Structure formats: C-alpha cells, structure tokens
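Q: The file below is query.txt, compact mmCIF, C-alpha atoms:
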```txt
# COMPACT_ATOMS: atom_id res chain seq x y z
CA MET A 1 89.25 122.59 102.31
CA THR A 2 86.37 121.27 100.25
CA GLY A 3 83.87 118.45 100.55
CA ARG A 4 84.69 114.88 99.56
CA VAL A 5 82.64 112.07 98.04
CA SER A 6 83.98 108.53 98.34
CA PHE A 7 82.59 105.75 96.16
CA VAL A 8 83.11 102.65 98.30
CA GLY A 9 82.68 99.06 97.23
CA ALA A 10 80.78 97.30 100.02
CA GLY A 11 81.48 93.82 98.65
CA PRO A 12 78.97 91.23 97.44
CA GLY A 13 76.76 91.55 100.50
CA ALA A 14 78.30 90.08 103.67
CA ALA A 15 79.34 92.73 106.19
CA ASP A 16 82.73 91.16 106.86
CA LEU A 17 83.74 91.30 103.17
CA ILE A 18 84.18 95.08 103.12
CA THR A 19 87.76 96.32 103.01
CA VAL A 20 89.44 98.08 105.93
CA ARG A 21 89.75 101.27 103.88
CA GLY A 22 86.05 101.14 103.05
CA ALA A 23 85.15 100.80 106.73
CA LYS A 24 87.38 103.79 107.52
CA ARG A 25 85.62 105.95 104.93
CA ILE A 26 82.23 105.07 106.44
CA ALA A 27 83.47 105.99 109.93
CA GLU A 28 84.60 109.43 108.66
CA ALA A 29 81.43 110.17 106.69
CA ASP A 30 78.85 112.81 107.57
CA VAL A 31 76.39 111.36 105.02
CA VAL A 32 76.14 107.73 103.85
CA LEU A 33 74.21 106.89 100.66
CA TRP A 34 73.33 103.20 100.48
CA ALA A 35 70.66 100.69 99.49
CA PRO A 36 69.55 98.34 102.32
CA SER A 37 68.10 95.94 99.75
CA VAL A 38 71.56 94.99 98.42
CA ILE A 39 73.89 95.99 101.26
CA GLU A 40 73.65 94.44 104.69
CA VAL A 41 72.54 96.75 107.48
CA GLU A 42 75.36 95.57 109.73
CA CYS A 43 77.92 96.88 107.25
CA VAL A 44 76.74 100.44 107.91
CA ARG A 45 75.70 100.08 111.56
CA GLU A 46 79.09 98.83 112.69
CA HIS A 47 81.07 101.72 111.18
CA ALA A 48 78.87 104.81 110.70
CA ARG A 49 78.86 107.50 113.38
CA ALA A 50 75.80 107.91 115.55
CA ASP A 51 75.18 111.41 114.15
CA ALA A 52 75.75 110.45 110.50
CA GLU A 53 72.91 111.00 108.03
CA LEU A 54 71.82 107.77 106.31
CA VAL A 55 70.11 108.10 102.92
CA ASP A 56 68.52 105.18 101.05
CA PHE A 57 69.38 106.15 97.47
CA SER A 58 67.15 103.41 96.09
CA ARG A 59 64.17 105.52 97.21
CA VAL A 60 65.38 108.93 96.04
CA THR A 61 65.75 110.40 92.57
CA ASP A 62 68.99 111.35 90.87
CA ALA A 63 68.17 115.02 91.45
CA GLU A 64 67.93 114.41 95.20
CA VAL A 65 71.30 112.63 95.17
CA VAL A 66 72.85 115.64 93.40
CA GLU A 67 71.28 117.84 96.08
CA VAL A 68 73.15 115.82 98.72
CA TYR A 69 76.38 116.47 96.81
CA ARG A 70 75.55 120.18 96.64
CA ARG A 71 75.07 120.31 100.42
CA ALA A 72 78.40 118.54 100.84
CA SER A 73 80.11 121.16 98.70
CA ALA A 74 78.55 124.06 100.61
CA GLY A 75 79.13 122.57 104.07
CA ARG A 76 82.44 120.81 103.34
CA LEU A 77 80.97 117.46 104.27
CA LYS A 78 82.33 113.97 103.73
CA VAL A 79 79.93 111.73 101.81
CA VAL A 80 80.17 107.99 101.18
CA ARG A 81 78.18 106.32 98.45
CA LEU A 82 78.18 102.56 98.96
CA HIS A 83 78.07 100.26 95.94
CA ALA A 84 77.32 96.56 96.03
CA GLY A 85 80.36 94.62 94.92
CA ASP A 86 82.93 96.84 93.22
CA PRO A 87 82.11 100.41 92.10
CA SER A 88 83.88 99.94 88.77
CA LEU A 89 81.47 97.18 87.65
CA TRP A 90 78.04 98.41 86.50
CA GLY A 91 78.00 101.18 89.10
CA GLY A 92 77.47 104.27 86.92
CA LEU A 93 80.65 105.72 88.39
CA ARG A 94 81.53 108.14 85.60
CA ASP A 95 78.29 110.13 85.73
CA GLN A 96 78.54 110.53 89.48
CA GLN A 97 82.15 111.70 89.32
CA ASP A 98 81.29 114.28 86.65
CA ALA A 99 78.48 115.67 88.86
CA CYS A 100 80.82 115.97 91.84
CA GLN A 101 83.54 117.69 89.83
CA ARG A 102 81.07 120.29 88.56
CA LEU A 103 80.26 121.09 92.20
CA GLY A 104 83.94 121.40 93.16
CA LEU A 105 84.03 118.21 95.24
CA THR A 106 87.02 115.93 95.51
CA THR A 107 86.34 112.23 94.84
CA ASP A 108 88.05 108.94 95.50
CA VAL A 109 87.17 105.31 94.75
CA VAL A 110 87.63 102.42 97.20
CA PRO A 111 87.51 99.03 95.41
CA GLY A 112 85.52 96.13 96.79
CA VAL A 113 85.08 92.38 96.38
CA SER A 114 83.01 91.85 93.24
CA GLN A 115 80.02 89.54 93.01
CA VAL A 116 81.79 87.65 90.22
CA SER A 117 84.71 86.61 92.41
CA ALA A 118 82.39 85.89 95.36
CA ALA A 119 80.24 83.58 93.22
CA ALA A 120 83.30 81.70 91.97
CA ALA A 121 84.58 81.39 95.52
CA SER A 122 81.26 80.01 96.75
CA VAL A 123 81.60 76.98 94.44
CA GLY A 124 85.37 76.74 94.81
CA ARG A 125 86.23 77.32 91.15
CA GLU A 126 88.62 79.58 89.29
CA LEU A 127 87.37 81.49 86.26
CA THR A 128 90.53 81.33 84.14
CA THR A 129 92.97 78.47 83.57
CA SER A 130 95.81 77.99 81.14
CA ASP A 131 94.35 74.90 79.47
CA VAL A 132 90.57 75.67 79.32
CA ALA A 133 89.91 79.42 79.41
CA GLN A 134 92.51 82.17 79.61
CA SER A 135 90.11 85.13 79.57
CA LEU A 136 86.90 86.33 81.22
CA LEU A 137 84.10 88.28 79.56
CA LEU A 138 81.90 90.54 81.70
CA VAL A 139 78.40 91.17 80.31
CA GLY A 140 76.18 93.72 82.02
CA PRO A 141 72.39 94.05 81.93
CA ASP A 142 72.56 96.71 79.21
CA THR A 143 74.60 94.52 76.86
CA ALA A 144 72.81 91.19 77.39
CA GLU A 145 71.54 91.25 73.80
CA HIS A 146 75.14 90.80 72.61
CA VAL A 147 75.58 87.47 74.43
CA GLU A 148 75.56 85.58 71.12
CA GLU A 149 78.49 87.60 69.80
CA PHE A 150 80.49 87.22 73.03
CA ALA A 151 79.74 83.50 73.27
CA ALA A 152 81.57 82.94 69.96
CA HIS A 153 84.86 83.35 71.84
CA GLY A 154 84.14 80.14 73.77
CA THR A 155 85.69 81.45 77.00
CA THR A 156 84.30 82.02 80.50
CA MET A 157 81.46 84.54 80.71
CA ALA A 158 80.00 86.41 83.69
CA ILE A 159 76.52 87.62 82.69
CA SER A 160 74.40 89.90 84.86
CA ALA A 161 70.86 89.61 83.50
CA SER A 162 67.25 89.36 84.59
CA GLY A 163 66.23 85.90 85.74
CA SER A 164 62.84 86.31 84.07
CA ARG A 165 64.61 86.24 80.67
CA ALA A 166 66.56 83.04 81.31
CA GLY A 167 64.92 81.34 78.29
CA LEU A 168 66.17 84.05 75.91
CA LEU A 169 69.64 83.82 77.50
CA VAL A 170 69.76 80.08 76.82
CA GLU A 171 68.87 80.60 73.14
CA ARG A 172 71.65 83.14 72.69
CA LEU A 173 74.20 80.94 74.43
CA ARG A 174 73.33 78.03 72.15
CA ALA A 175 73.50 80.26 69.09
CA GLY A 176 76.94 81.43 70.18
CA GLY A 177 78.31 77.90 70.29
CA TYR A 178 77.84 76.73 73.89
CA ALA A 179 76.66 73.12 74.14
CA ASP A 180 73.82 72.09 76.43
CA ASP A 181 76.23 70.35 78.82
CA THR A 182 78.28 73.54 79.40
CA PRO A 183 78.44 74.18 83.18
CA VAL A 184 76.62 77.23 84.57
CA VAL A 185 76.70 78.75 88.08
CA VAL A 186 73.60 80.72 89.09
CA ALA A 187 74.25 83.22 91.92
CA TYR A 188 71.73 85.52 93.60
CA LYS A 189 72.54 87.59 96.73
CA VAL A 190 75.80 85.71 97.07
CA SER A 191 77.44 85.80 100.56
CA LEU A 192 74.18 86.99 102.19
CA PRO A 193 72.19 84.77 104.59
CA ASP A 194 69.43 84.28 101.97
CA GLU A 195 71.80 83.66 99.07
CA THR A 196 70.99 81.29 96.20
CA VAL A 197 73.91 79.54 94.50
CA ALA A 198 73.14 76.63 92.16
CA GLN A 199 75.23 74.65 89.68
CA THR A 200 73.52 73.55 86.47
CA THR A 201 74.09 73.43 82.70
CA VAL A 202 73.01 75.51 79.73
CA GLY A 203 70.34 72.97 78.84
CA GLU A 204 68.82 72.97 82.33
CA LEU A 205 69.35 76.66 83.10
CA GLU A 206 65.78 77.83 82.52
CA ALA A 207 64.32 75.07 84.72
CA CYS A 208 66.84 75.87 87.48
CA VAL A 209 65.88 79.55 87.49
CA LYS A 210 62.19 78.72 87.70
CA GLU A 211 62.79 76.22 90.48
CA HIS A 212 64.50 78.83 92.66
CA LYS A 213 62.06 81.58 91.59
CA LEU A 214 64.78 83.98 90.46
CA TYR A 215 63.14 86.77 88.47
CA ARG A 216 65.33 89.76 89.38
CA THR A 217 68.86 90.56 88.22
CA THR A 218 70.97 87.43 88.69
CA LEU A 219 74.58 86.56 87.96
CA PHE A 220 75.31 83.68 85.57
CA LEU A 221 78.82 82.22 85.22
CA VAL A 222 79.15 80.14 82.05
CA GLY A 223 82.13 78.10 80.87
CA ARG A 224 83.91 74.75 80.77
CA VAL A 225 86.25 75.90 83.52
CA LEU A 226 83.36 75.55 86.00
CA ALA A 227 83.02 71.80 85.49
CA GLN A 228 83.16 69.60 88.57
CA PRO A 229 86.63 68.07 88.93
CA ALA A 230 86.99 64.32 89.06
CA PRO A 231 87.22 63.01 92.62
CA ARG A 232 90.77 62.29 93.63
CA ARG A 233 91.70 58.93 95.03
CA ARG A 234 92.99 59.10 98.53
CA VAL A 235 96.24 57.27 99.11
CA PRO A 236 96.24 55.63 102.55
CA VAL A 237 99.08 56.79 104.73
CA VAL A 238 100.93 53.94 106.38
CA GLU A 239 101.59 54.65 110.01
CA GLY A 240 105.23 55.43 110.49
CA ASP A 241 105.87 56.83 107.01
CA GLU A 242 105.22 60.44 107.98
CA PRO A 243 104.98 62.11 111.35
CA VAL A 244 101.42 62.97 112.33
CA ARG A 245 101.07 66.72 112.68
CA ARG A 246 98.26 68.04 114.78
CA PRO A 247 96.85 71.40 113.72
CA ARG A 248 97.40 74.11 116.26
CA ALA A 249 94.42 76.25 117.11
CA SER A 250 95.18 79.93 116.46
CA LYS A 251 93.70 82.94 118.22
CA TRP A 252 91.59 83.70 115.16
CA ALA A 253 90.09 80.23 115.22
CA ALA A 254 89.27 80.55 118.91
CA ARG A 255 87.53 83.90 118.34
CA ALA A 256 85.55 82.76 115.32
CA ASN A 257 84.39 79.50 116.94
CA ARG A 258 83.39 80.91 120.27
CA PRO A 259 79.66 81.15 121.02
CA VAL A 260 78.13 84.48 120.06
CA VAL A 261 74.88 85.76 121.51
CA LYS A 262 72.90 87.03 118.54
CA SER A 263 70.19 89.60 118.83
CA THR A 264 67.21 89.96 116.54
CA GLY A 265 68.24 91.05 113.06
CA ASP A 266 71.88 89.94 113.32
CA SER A 267 73.28 88.15 110.30
CA ALA A 268 75.09 84.84 110.10
CA SER A 269 78.43 86.66 109.84
CA ALA A 270 78.28 88.01 113.40
CA ALA A 271 80.97 85.64 114.67
CA ALA A 272 83.49 86.60 112.00
CA TRP A 273 82.63 90.30 112.35
CA SER A 274 83.13 90.07 116.12
CA ALA A 275 86.54 88.53 115.56
CA VAL A 276 87.53 91.45 113.33
CA HIS A 277 86.51 93.99 115.98
CA ASP A 278 88.34 92.08 118.71
CA TRP A 279 91.47 92.27 116.61
CA GLN A 280 90.97 96.00 116.05
CA GLU A 281 90.51 96.66 119.78
CA THR A 282 93.64 94.65 120.59
CA ALA A 283 95.64 96.65 118.07
CA ARG A 284 94.37 99.96 119.49
CA THR A 285 95.18 98.90 123.06
CA LYS A 286 98.73 97.96 122.14
CA ARG A 287 99.22 101.22 120.29
CA SER A 288 97.95 103.40 123.15
CA ALA A 289 99.69 101.50 125.97
CA PRO A 290 102.75 103.31 127.43
CA ALA A 291 106.11 101.85 126.61
CA ARG A 292 107.42 99.56 129.31
CA PRO A 293 110.85 100.34 130.77
CA LYS A 294 113.52 98.04 129.47
CA PRO A 295 114.74 95.62 132.16
CA GLU A 296 118.37 95.88 133.18
CA PRO A 297 120.51 93.17 131.58
CA VAL A 298 121.08 90.24 133.88
CA GLY A 299 124.76 89.38 133.79
CA GLU A 300 127.58 88.56 136.11
CA PRO A 301 127.57 90.14 139.58
CA LEU A 302 129.47 93.36 139.93
CA LEU A 303 132.99 93.27 141.32
CA GLU A 304 133.02 94.48 144.90
CA LEU A 305 136.03 96.43 146.12
CA VAL A 306 137.01 95.50 149.65
CA VAL A 307 139.11 98.14 151.35
CA ASP A 308 140.78 97.33 154.67
CA VAL A 309 141.93 100.43 156.48
CA PRO A 310 144.06 99.69 159.59
CA ALA A 311 143.68 101.77 162.64
CA THR A 312 145.68 104.97 162.94
CA ALA A 313 146.30 107.42 165.62
CA SER A 314 143.63 109.71 164.31
CA THR A 315 140.89 107.16 164.72
CA GLY A 316 141.73 106.46 168.33
CA THR A 317 141.95 102.65 167.90
CA SER A 318 144.84 100.85 169.59
CA VAL A 319 147.44 98.88 167.71
CA GLU A 320 146.57 95.74 169.68
CA ALA A 321 142.95 95.83 168.54
CA SER A 322 144.11 96.22 164.97
CA ALA A 323 146.39 93.22 165.28
CA GLU A 324 143.53 91.09 166.61
CA GLN A 325 141.35 92.06 163.66
CA ASP A 326 144.17 91.13 161.26
CA ALA A 327 144.52 87.74 162.93
CA LYS A 328 140.85 86.84 162.29
CA PRO A 329 140.01 85.14 158.96
CA LYS A 330 138.48 87.54 156.53
CA PRO A 331 135.49 86.55 154.36
CA LYS A 332 136.24 86.07 150.68
CA PRO A 333 134.80 88.78 148.44
CA VAL A 334 131.92 87.82 146.11
CA VAL A 335 133.18 88.49 142.61
CA ALA A 336 132.61 87.17 139.15
CA ALA A 337 134.26 83.90 138.28
CA ALA A 338 136.11 85.41 135.34
CA ALA A 339 137.29 88.51 137.23
CA LYS A 340 138.67 87.27 140.57
CA ARG A 341 141.18 89.66 142.06
CA LYS A 342 142.72 90.07 145.45
CA PRO A 343 141.18 92.80 147.54
CA THR A 344 143.12 96.02 147.45
CA THR A 345 144.59 97.01 150.83
CA VAL A 346 145.21 100.65 151.56
CA GLN A 347 147.48 101.31 154.56
CA ALA A 348 147.87 104.66 156.21
CA SER A 349 151.11 105.64 157.99
CA THR A 350 152.20 108.72 159.92
CA THR A 351 155.93 108.33 159.20
CA PRO A 352 157.29 110.03 156.10
CA ARG A 353 158.77 107.96 153.30
CA LYS A 354 162.51 107.82 152.78
CA PRO A 355 163.66 109.29 149.53
CA SER A 356 165.60 106.20 148.52
CA GLY A 357 166.34 102.65 149.56
CA THR A 358 164.09 99.73 150.19
CA ARG A 359 161.63 99.47 152.97
CA THR A 360 161.77 96.61 155.44
CA LYS A 361 158.94 95.41 157.52
CA LYS A 362 159.46 95.45 161.26
CA ASN A 363 157.39 93.26 163.47
CA LYS A 364 156.15 95.08 166.50
CA ARG A 365 156.19 93.19 169.66
CA VAL A 366 153.22 93.39 171.84
CA ASN A 367 154.20 93.85 175.47
```
What's the structure tokens form of this structure?
A:
Amino acid sequence: MTGRVSFVGAGPGAADLITVRGAKRIAEADVVLWAPSVIEVECVREHARADAELVDFSRVTDAEVVEVYRRASAGRLKVVRLHAGDPSLWGGLRDQQDACQRLGLTTDVVPGVSQVSAAAASVGRELTTSDVAQSLLLVGPDTAEHVEEFAAHGTTMAISASGSRAGLLVERLRAGGYADDTPVVVAYKVSLPDETVAQTTVGELEACVKEHKLYRTTLFLVGRVLAQPAPRRRVPVVEGDEPVRRPRASKWAARANRPVVKSTGDSASAAAWSAVHDWQETARTKRSAPARPKPEPVGEPLLELVVDVPATASTGTSVEASAEQDAKPKPKPVVAAAAKRKPTTVQASTTPRKPSGTRTKKNKRVN
C-alpha cells in the first residue's frame, strides 16, 4: 500500500456545490491542501476529520507542497488538494501529477463544478445554442494576449483575466470583431456570499469593472448567446379550461425552507447544506436499521377440523349420556366461505367388522 493524492474540484465557491465523491475524499484525508481565500471554510469544516492536517497552500511555496507529498509517500498518507472550480481548468494539474508519480504516489482526479458553468447559471443563460453559437472558447490568464485571434471566430468566449486590464481586453475584443453592443457577463467569486455578477456590454465593460472595483482575476463571458431574451406574453388561462394543480411540498422543500439558527461565520448556504446532511443521516439510519420481520399474509381463516368422538367403554361414559350429547344442536364450524365441508366424524366400536355384506344401523332403545 502506498500514499494517495486526490485532486478534488471544490466547485465555484459555495460549500453545497461540491460533489459527493469530493466530500468523501476530504473525509478520508490525513492532509488537506486548500486556499481559504477561494474555497469556503465550511466546505472543509463539514467533511474533514478532527485530526486532519490543514495546510493553506496559498501561503506555502511549491517546495513545501512537494515536501507534503514526500511525507505522504513515506507515511502512506491520504492527501487531498482542493481546487476552486474544476481541477482540469487552469489548475496546473500536470505538474502536480508528475511530482507525485516521481515519489511513487497514486493519484486520482475528482471533477467539480466549474466557475464558467456557475456564472452562466447565475444569469440563467446557456453558453451554446444551435442558431447563435455552437462552440465555447476558454481563455486563461496566460493566454489573454491571444483574445484578438480567438475573437475572430465570433463564438462564445469565457475569459479569465485581471480586472485591472479590462481596458486592454475591450480593445482586443473590438479588434477581433465583437461590436460594442455584444453582451458580457462579469463574474467574481460566483456562488459565494460576496459574489459579484453583472451583465453589461463590450462598450461598457471597462466602466462596469471600475464601478464594482474588480481588480483581481475575474471571469468574463462574451457572446451574443448571452443576450436578454424578449419577454414572453402571458396568455390568460380561462377558468375551467385546465384543472388547477397545486404544487405539493416535498421533504426537500420543507428542509430547505425551515428556519436555521446560524452562528457567527456561517455562510448563506447553511440551509441547503443542512438539508444535505439530514438526507445523509436518514440514509445511514435506514441502512443500519435491522430488517423487520415480514408480516404473515392475511388471508382466509384456516379450516378447522371438528372431530366428534362418541363415548366408548374405555372412557367410562354411559351410552345414555352420549345420546343426550348427540341430541343437542352442535355449533357450526368456522370455515372459509370457499371451503365449507361437513365435519368429519370418527366413531369407535368394540365389535369386529364382518368380512362381507352391508352394515345396518340398529337403534338402541333406552330402557
């Protein structure tokens, strides 16, 4: 057995946007490498073990990160390195995997919700459509100088660039063929409580960035597909045309809408995160509960066999007493309606049977 390093996508920022597999890797980890500036504290606090070592890799050098990997190889530890969004997008994944392989560590990658998809979801837009844009170009901070070349395609672009260079970005977009009225979505810390998501155009992009004071790395979505749709006209429904259906409140809705007592430092996603944990606890309880015995099938009542044994000499009961019992009405047996049968009568006799001939009943007179 050797150590393992898992590169986990923590999502765009909100704690409840991490995948179930990512949460499982954090719970198994001996060491968690993460950056509190881009990943919510609750995402780690809810899943990491109490004895897990937490390392802020935004405050350590690359050599110190490699030293953590070396300790994991020597001590067969499980390490999780959390990435904002998805590890495969601008995460430097290849260099880290090469360092782990040189140390004999096994690695695996857990995908996450990217900031691009979270930004599009925040404004309720899709990034590709069959009639406007059928492709999406991803431009990272290191390739921002090639925006003019990419803009010549005229499709949707997701550009991660410094907000302080918004003016230069606008010039390159115009040079690439984007008009000033091309829609732009500006997203910073999307899905976090202090997120900034604004909708503007290429011509007003620089003023929008300055208004929101965005000078760090910001995500810009550019393209015609992001245009605001025309408002649809509501057709009044005449009463009686369609049955009125009332929405039924589900268990998830009841859990998410219930009042939650928040402590200092809790995020706005506490209600949704509490609902996820309630569901997990319910699933664990059902799994660990002993199996209940199956109830016996409820069907027709069983057929009761009524056996009438007349008195014999061996029992010491007189023939007269037996005749009186025969004269009394006997209660009808309780049987199923579809299986009514006459009660079977077994008679005992001390006289031997004749080998042949028919038997005739003789009435005994009672003196």
Q: Residues within 7 Å of region 222-229 of chain A, please, as a ChimeraX atom specification. Count only C-alpha atoms; anything in the same chain fewer than 3 positions from it doesn't count.
A: /A:125,127-128,132-133,155-158,182-185
Q: Print the selection's residues with C-alpha atoms to a file, as a PDB file, in the frame of the given file.
A:
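Output (result_5.pdb):
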```
ATOM      1  CA  ARG A 125      86.230  77.320  91.150  1.00  0.00           C
ATOM      2  CA  LEU A 127      87.370  81.490  86.260  1.00  0.00           C
ATOM      3  CA  THR A 128      90.530  81.330  84.140  1.00  0.00           C
ATOM      4  CA  VAL A 132      90.570  75.670  79.320  1.00  0.00           C
ATOM      5  CA  ALA A 133      89.910  79.420  79.410  1.00  0.00           C
ATOM      6  CA  THR A 155      85.690  81.450  77.000  1.00  0.00           C
ATOM      7  CA  THR A 156      84.300  82.020  80.500  1.00  0.00           C
ATOM      8  CA  MET A 157      81.460  84.540  80.710  1.00  0.00           C
ATOM      9  CA  ALA A 158      80.000  86.410  83.690  1.00  0.00           C
ATOM     10  CA  THR A 182      78.280  73.540  79.400  1.00  0.00           C
ATOM     11  CA  PRO A 183      78.440  74.180  83.180  1.00  0.00           C
ATOM     12  CA  VAL A 184      76.620  77.230  84.570  1.00  0.00           C
ATOM     13  CA  VAL A 185      76.700  78.750  88.080  1.00  0.00           C
TER      14      VAL A 185
END
```
Q: Quick one, how far is CA of Thr200 (chain A) from CA of Thr143 (chain A)?
A: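 Separating CA of Thr200 (chain A) from CA of Thr143 (chain A) is a distance of 23.1 Å.
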Q: In Å, rounded to a single decimal, give me how far CA of Val186 (chain A) is from CA of Ala198 (chain A).
A: 5.1 Å
Q: Counting all atoms listed in the file, what is within 9 Å of Ala144 (chain A), bar same-chain residues fewer than 3 positions away, as a PDB file with C-alpha atoms, in the frame of the given file?
A:
```pdb
ATOM      1  CA  VAL A 139      78.400  91.170  80.310  1.00  0.00           C
ATOM      2  CA  GLY A 140      76.180  93.720  82.020  1.00  0.00           C
ATOM      3  CA  PRO A 141      72.390  94.050  81.930  1.00  0.00           C
ATOM      4  CA  VAL A 147      75.580  87.470  74.430  1.00  0.00           C
ATOM      5  CA  GLU A 148      75.560  85.580  71.120  1.00  0.00           C
ATOM      6  CA  ILE A 159      76.520  87.620  82.690  1.00  0.00           C
ATOM      7  CA  SER A 160      74.400  89.900  84.860  1.00  0.00           C
ATOM      8  CA  ALA A 161      70.860  89.610  83.500  1.00  0.00           C
ATOM      9  CA  LEU A 169      69.640  83.820  77.500  1.00  0.00           C
TER      10      LEU A 169
END
```
Q: Around the point (85.5, 113.5, 99.5) (coordinates from the file), which residues reach within 6 Å if we count all atoms listed in the file? Answer as a PDB file with C-alpha atoms, in the coordinates of the input.
A:
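Result file out08.pdb:
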```
ATOM      1  CA  GLY A   3      83.870 118.450 100.550  1.00  0.00           C
ATOM      2  CA  ARG A   4      84.690 114.880  99.560  1.00  0.00           C
ATOM      3  CA  VAL A   5      82.640 112.070  98.040  1.00  0.00           C
ATOM      4  CA  SER A   6      83.980 108.530  98.340  1.00  0.00           C
ATOM      5  CA  LYS A  78      82.330 113.970 103.730  1.00  0.00           C
ATOM      6  CA  THR A 106      87.020 115.930  95.510  1.00  0.00           C
ATOM      7  CA  THR A 107      86.340 112.230  94.840  1.00  0.00           C
TER       8      THR A 107
END
```
Q: So the first atom is CA of Ala166 (chain A) and the second is CA of Gly91 (chain A); what is the distance between them in Å, to one decimal place?
A: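 The value is 22.8 Å.
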